[in-house]
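Below is one structure, written out as structure tokens; comments come after it.
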Amino acid sequence: MAEKEKILIVDDDENIAELISLYLTRECFECRIANDGETALKDAKSFQPDLILLDLMLPGMDGYEVCREIRHKSNVPIIILSAKGEVFDKVLGLEMGADDYIIKPFDPKELVARCKAVLRRFQVTSQAKPAEDEHPQKYVEYPDLIVNLTNYSVVYRGRSIDMPPKEIELLYFLASQPNQVFTREQLLDHIWGYEYVGDTRTVDVHIKRLREKISGNENWAITTVWSVGYKFEVRNRQAE
């Protein structure tokens with residue numbers, strides 16, 4: 001019998017947390033509830049969830065801080081649940097490392113569907129990483145930059161750069177096809193998959209984060225093609 005996927009529900013509203021747990025348990029998930037940030041961090045370590053549903057308004061340590069702390073140690077998928085529906089809040093949540101953002105109040109059936117979609121995407125990403133002894137390494141190299149998709153690593157100016165998987169996949173996809181322009185919709189399809197329930201703002205957020213971590217140099221840069229999308233522009237030389 002297949003092992004149940006585990007979901008950690010982090011919400012200080014016990015009624016909402018119990019309702020979410022009820023719906024997810026019916027879908028054969030194993031659930032655990034944490035009502036504050038400190039407990040959430042402990043449960044993330046001990047429970048080893050496959051997915052975390054994270055409320056932002058928590059007593060003590062808020063959801064943003066919890067998300068940041070978890071991201072320092074794990075790539076477990078995180079879906080933020082929040083009554084904050086402004087674009088700023090969504091963008092901030094994604095910048096902290098969340099994989100999706102759901103506004104309260106929400107339809108429980110939609111929540112279940114989004115959980116399944118995020119888990120599917122994460123599983124496909126994990127399975128897509130080839131063993132080094134079975135396949136040649138997938139990497140691209142430019143001056144000051146090496147992106148290795150085999151072991152999900154990025155080296156910039158001689159230093160290893162910490163990036164979540166989706167940022168590395170996006171960077172590799174662009175850098176492996178230099179000077180080719182991709183629309184936001186194309187990048188969503190290639191990196192997040194056609195089932196992704198978010199919007200193109202996700203691409204903008206990830207591009208912004210990439211630019212903050214690797215600023216480019218005189219030979220290459222991640223550039224915006226206005227009203228179209230993005231490209232990895234190589235100015236003076238091709239990939240080595």
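Here, A, B, ... name the chains of the structure tokens in the order displayed, residue numbers run from 1 inside each chain, and ligands are numbered from 1 in the same displayed order.
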Residue neighbourhood Asp12 (chain A), 8 Å, only C-alpha atoms, exclusion window fewer than 4 positions, as a PyMOL selection string: chain A and resi 17+34-36+55+57-59
How would the residues just picked look written out with N, CA and C atoms as a PDB file, in the first residue's frame?
ATOM      1  N   ALA A  17      -8.363  25.335  10.447  1.00  0.00           N
ATOM      2  CA  ALA A  17      -7.371  24.264  10.341  1.00  0.00           C
ATOM      3  C   ALA A  17      -8.037  22.889  10.353  1.00  0.00           C
ATOM      4  N   ALA A  34      -0.533  22.820  13.117  1.00  0.00           N
ATOM      5  CA  ALA A  34       0.248  23.664  14.016  1.00  0.00           C
ATOM      6  C   ALA A  34      -0.437  25.015  14.091  1.00  0.00           C
ATOM      7  N   ASN A  35      -0.589  25.565  15.301  1.00  0.00           N
ATOM      8  CA  ASN A  35      -1.333  26.808  15.473  1.00  0.00           C
ATOM      9  C   ASN A  35      -0.452  28.046  15.666  1.00  0.00           C
ATOM     10  N   ASP A  36       0.868  27.866  15.596  1.00  0.00           N
ATOM     11  CA  ASP A  36       1.766  29.023  15.697  1.00  0.00           C
ATOM     12  C   ASP A  36       3.064  28.724  14.956  1.00  0.00           C
ATOM     13  N   ASP A  55      -0.551  29.877   6.945  1.00  0.00           N
ATOM     14  CA  ASP A  55      -1.237  31.149   7.154  1.00  0.00           C
ATOM     15  C   ASP A  55      -0.190  32.218   7.470  1.00  0.00           C
ATOM     16  N   MET A  57      -0.927  35.312   9.156  1.00  0.00           N
ATOM     17  CA  MET A  57      -1.199  35.985  10.423  1.00  0.00           C
ATOM     18  C   MET A  57      -1.155  34.972  11.562  1.00  0.00           C
ATOM     19  N   LEU A  58       0.039  34.779  12.107  1.00  0.00           N
ATOM     20  CA  LEU A  58       0.236  33.824  13.191  1.00  0.00           C
ATOM     21  C   LEU A  58       0.711  34.560  14.441  1.00  0.00           C
ATOM     22  N   PRO A  59       0.391  34.049  15.619  1.00  0.00           N
ATOM     23  CA  PRO A  59       0.891  34.675  16.854  1.00  0.00           C
ATOM     24  C   PRO A  59       2.399  34.486  16.976  1.00  0.00           C
TER      25      PRO A  59
END
I need the residues of region 55-131 of chain A that end up classed as strand (DSSP E or B) by DSSP on the backbone, written out as a PDB file with N, CA, C and O atoms, in the first residue's frame.
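Ended up saving to result-v4.pdb:
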ATOM      1  N   ASP A  55      -0.551  29.877   6.945  1.00  0.00           N
ATOM      2  CA  ASP A  55      -1.237  31.149   7.154  1.00  0.00           C
ATOM      3  C   ASP A  55      -0.190  32.218   7.470  1.00  0.00           C
ATOM      4  O   ASP A  55       0.854  31.934   8.057  1.00  0.00           O
ATOM      5  N   ILE A  78       5.390  25.019  -0.443  1.00  0.00           N
ATOM      6  CA  ILE A  78       4.645  25.829   0.524  1.00  0.00           C
ATOM      7  C   ILE A  78       3.542  26.585  -0.198  1.00  0.00           C
ATOM      8  O   ILE A  78       3.801  27.265  -1.197  1.00  0.00           O
ATOM      9  N   ILE A  79       2.307  26.457   0.288  1.00  0.00           N
ATOM     10  CA  ILE A  79       1.190  27.250  -0.209  1.00  0.00           C
ATOM     11  C   ILE A  79       0.761  28.189   0.900  1.00  0.00           C
ATOM     12  O   ILE A  79       0.438  27.747   2.004  1.00  0.00           O
ATOM     13  N   ILE A  80       0.773  29.479   0.614  1.00  0.00           N
ATOM     14  CA  ILE A  80       0.358  30.464   1.609  1.00  0.00           C
ATOM     15  C   ILE A  80      -1.159  30.633   1.573  1.00  0.00           C
ATOM     16  O   ILE A  80      -1.755  30.728   0.495  1.00  0.00           O
ATOM     17  N   LEU A  81      -1.770  30.648   2.755  1.00  0.00           N
ATOM     18  CA  LEU A  81      -3.189  30.928   2.916  1.00  0.00           C
ATOM     19  C   LEU A  81      -3.313  32.261   3.643  1.00  0.00           C
ATOM     20  O   LEU A  81      -2.780  32.400   4.749  1.00  0.00           O
ATOM     21  N   SER A  82      -4.003  33.224   3.057  1.00  0.00           N
ATOM     22  CA  SER A  82      -4.057  34.527   3.718  1.00  0.00           C
ATOM     23  C   SER A  82      -5.284  35.318   3.301  1.00  0.00           C
ATOM     24  O   SER A  82      -5.772  35.203   2.174  1.00  0.00           O
ATOM     25  N   ASP A 100       2.742  28.865  -4.060  1.00  0.00           N
ATOM     26  CA  ASP A 100       1.411  29.295  -4.482  1.00  0.00           C
ATOM     27  C   ASP A 100       0.835  30.165  -3.367  1.00  0.00           C
ATOM     28  O   ASP A 100       1.337  30.183  -2.235  1.00  0.00           O
ATOM     29  N   TYR A 101      -0.236  30.894  -3.696  1.00  0.00           N
ATOM     30  CA  TYR A 101      -0.836  31.840  -2.748  1.00  0.00           C
ATOM     31  C   TYR A 101      -2.352  31.764  -2.920  1.00  0.00           C
ATOM     32  O   TYR A 101      -2.871  31.984  -4.020  1.00  0.00           O
ATOM     33  N   ILE A 102      -3.056  31.437  -1.848  1.00  0.00           N
ATOM     34  CA  ILE A 102      -4.512  31.308  -1.888  1.00  0.00           C
ATOM     35  C   ILE A 102      -5.126  32.320  -0.921  1.00  0.00           C
ATOM     36  O   ILE A 102      -4.717  32.426   0.237  1.00  0.00           O
ATOM     37  N   ILE A 103      -6.115  33.059  -1.416  1.00  0.00           N
ATOM     38  CA  ILE A 103      -6.749  34.106  -0.611  1.00  0.00           C
ATOM     39  C   ILE A 103      -7.947  33.544   0.146  1.00  0.00           C
ATOM     40  O   ILE A 103      -8.772  32.821  -0.411  1.00  0.00           O
TER      41      ILE A 103
END
Counting only C-alpha atoms, the residue of A:His206, A:Arg114, A:Lys4, A:Arg211 that sits nearest Gly93 (chain A):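 Closest candidate: A:His206.
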Polymer residues at most 12 Å from Ala44 (chain A), only C-alpha atoms, same-chain spacing of 2 or more positions, as number ranges by chain: A: 6-10, 31-34, 37-42, 46-54, 66-67, 69-71, 73-78
Residue contacts of region 153-159 of chain A (12 Å, only C-alpha atoms) excluding same-chain residues fewer than 6 positions away, as number ranges by chain: A: 129, 137-147, 165-172, 175, 210-211, 213-217
Best match for closeness to Leu22 (chain A) among A:Val118, A:Val112, A:Pro164, A:Gly193, counting only C-alpha atoms: A:Val112
Separation of CA of Asp62 (chain A) from CA of Asp11 (chain A) in Å: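 Between these atoms lies a distance of 10.4 Å.
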A:Phe88, A:Arg235, A:Phe122, A:Leu56 ranked by distance to Asp13 (chain A), top pick (using only C-alpha atoms):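 So, comparing all the options, the nearest one is A:Leu56.
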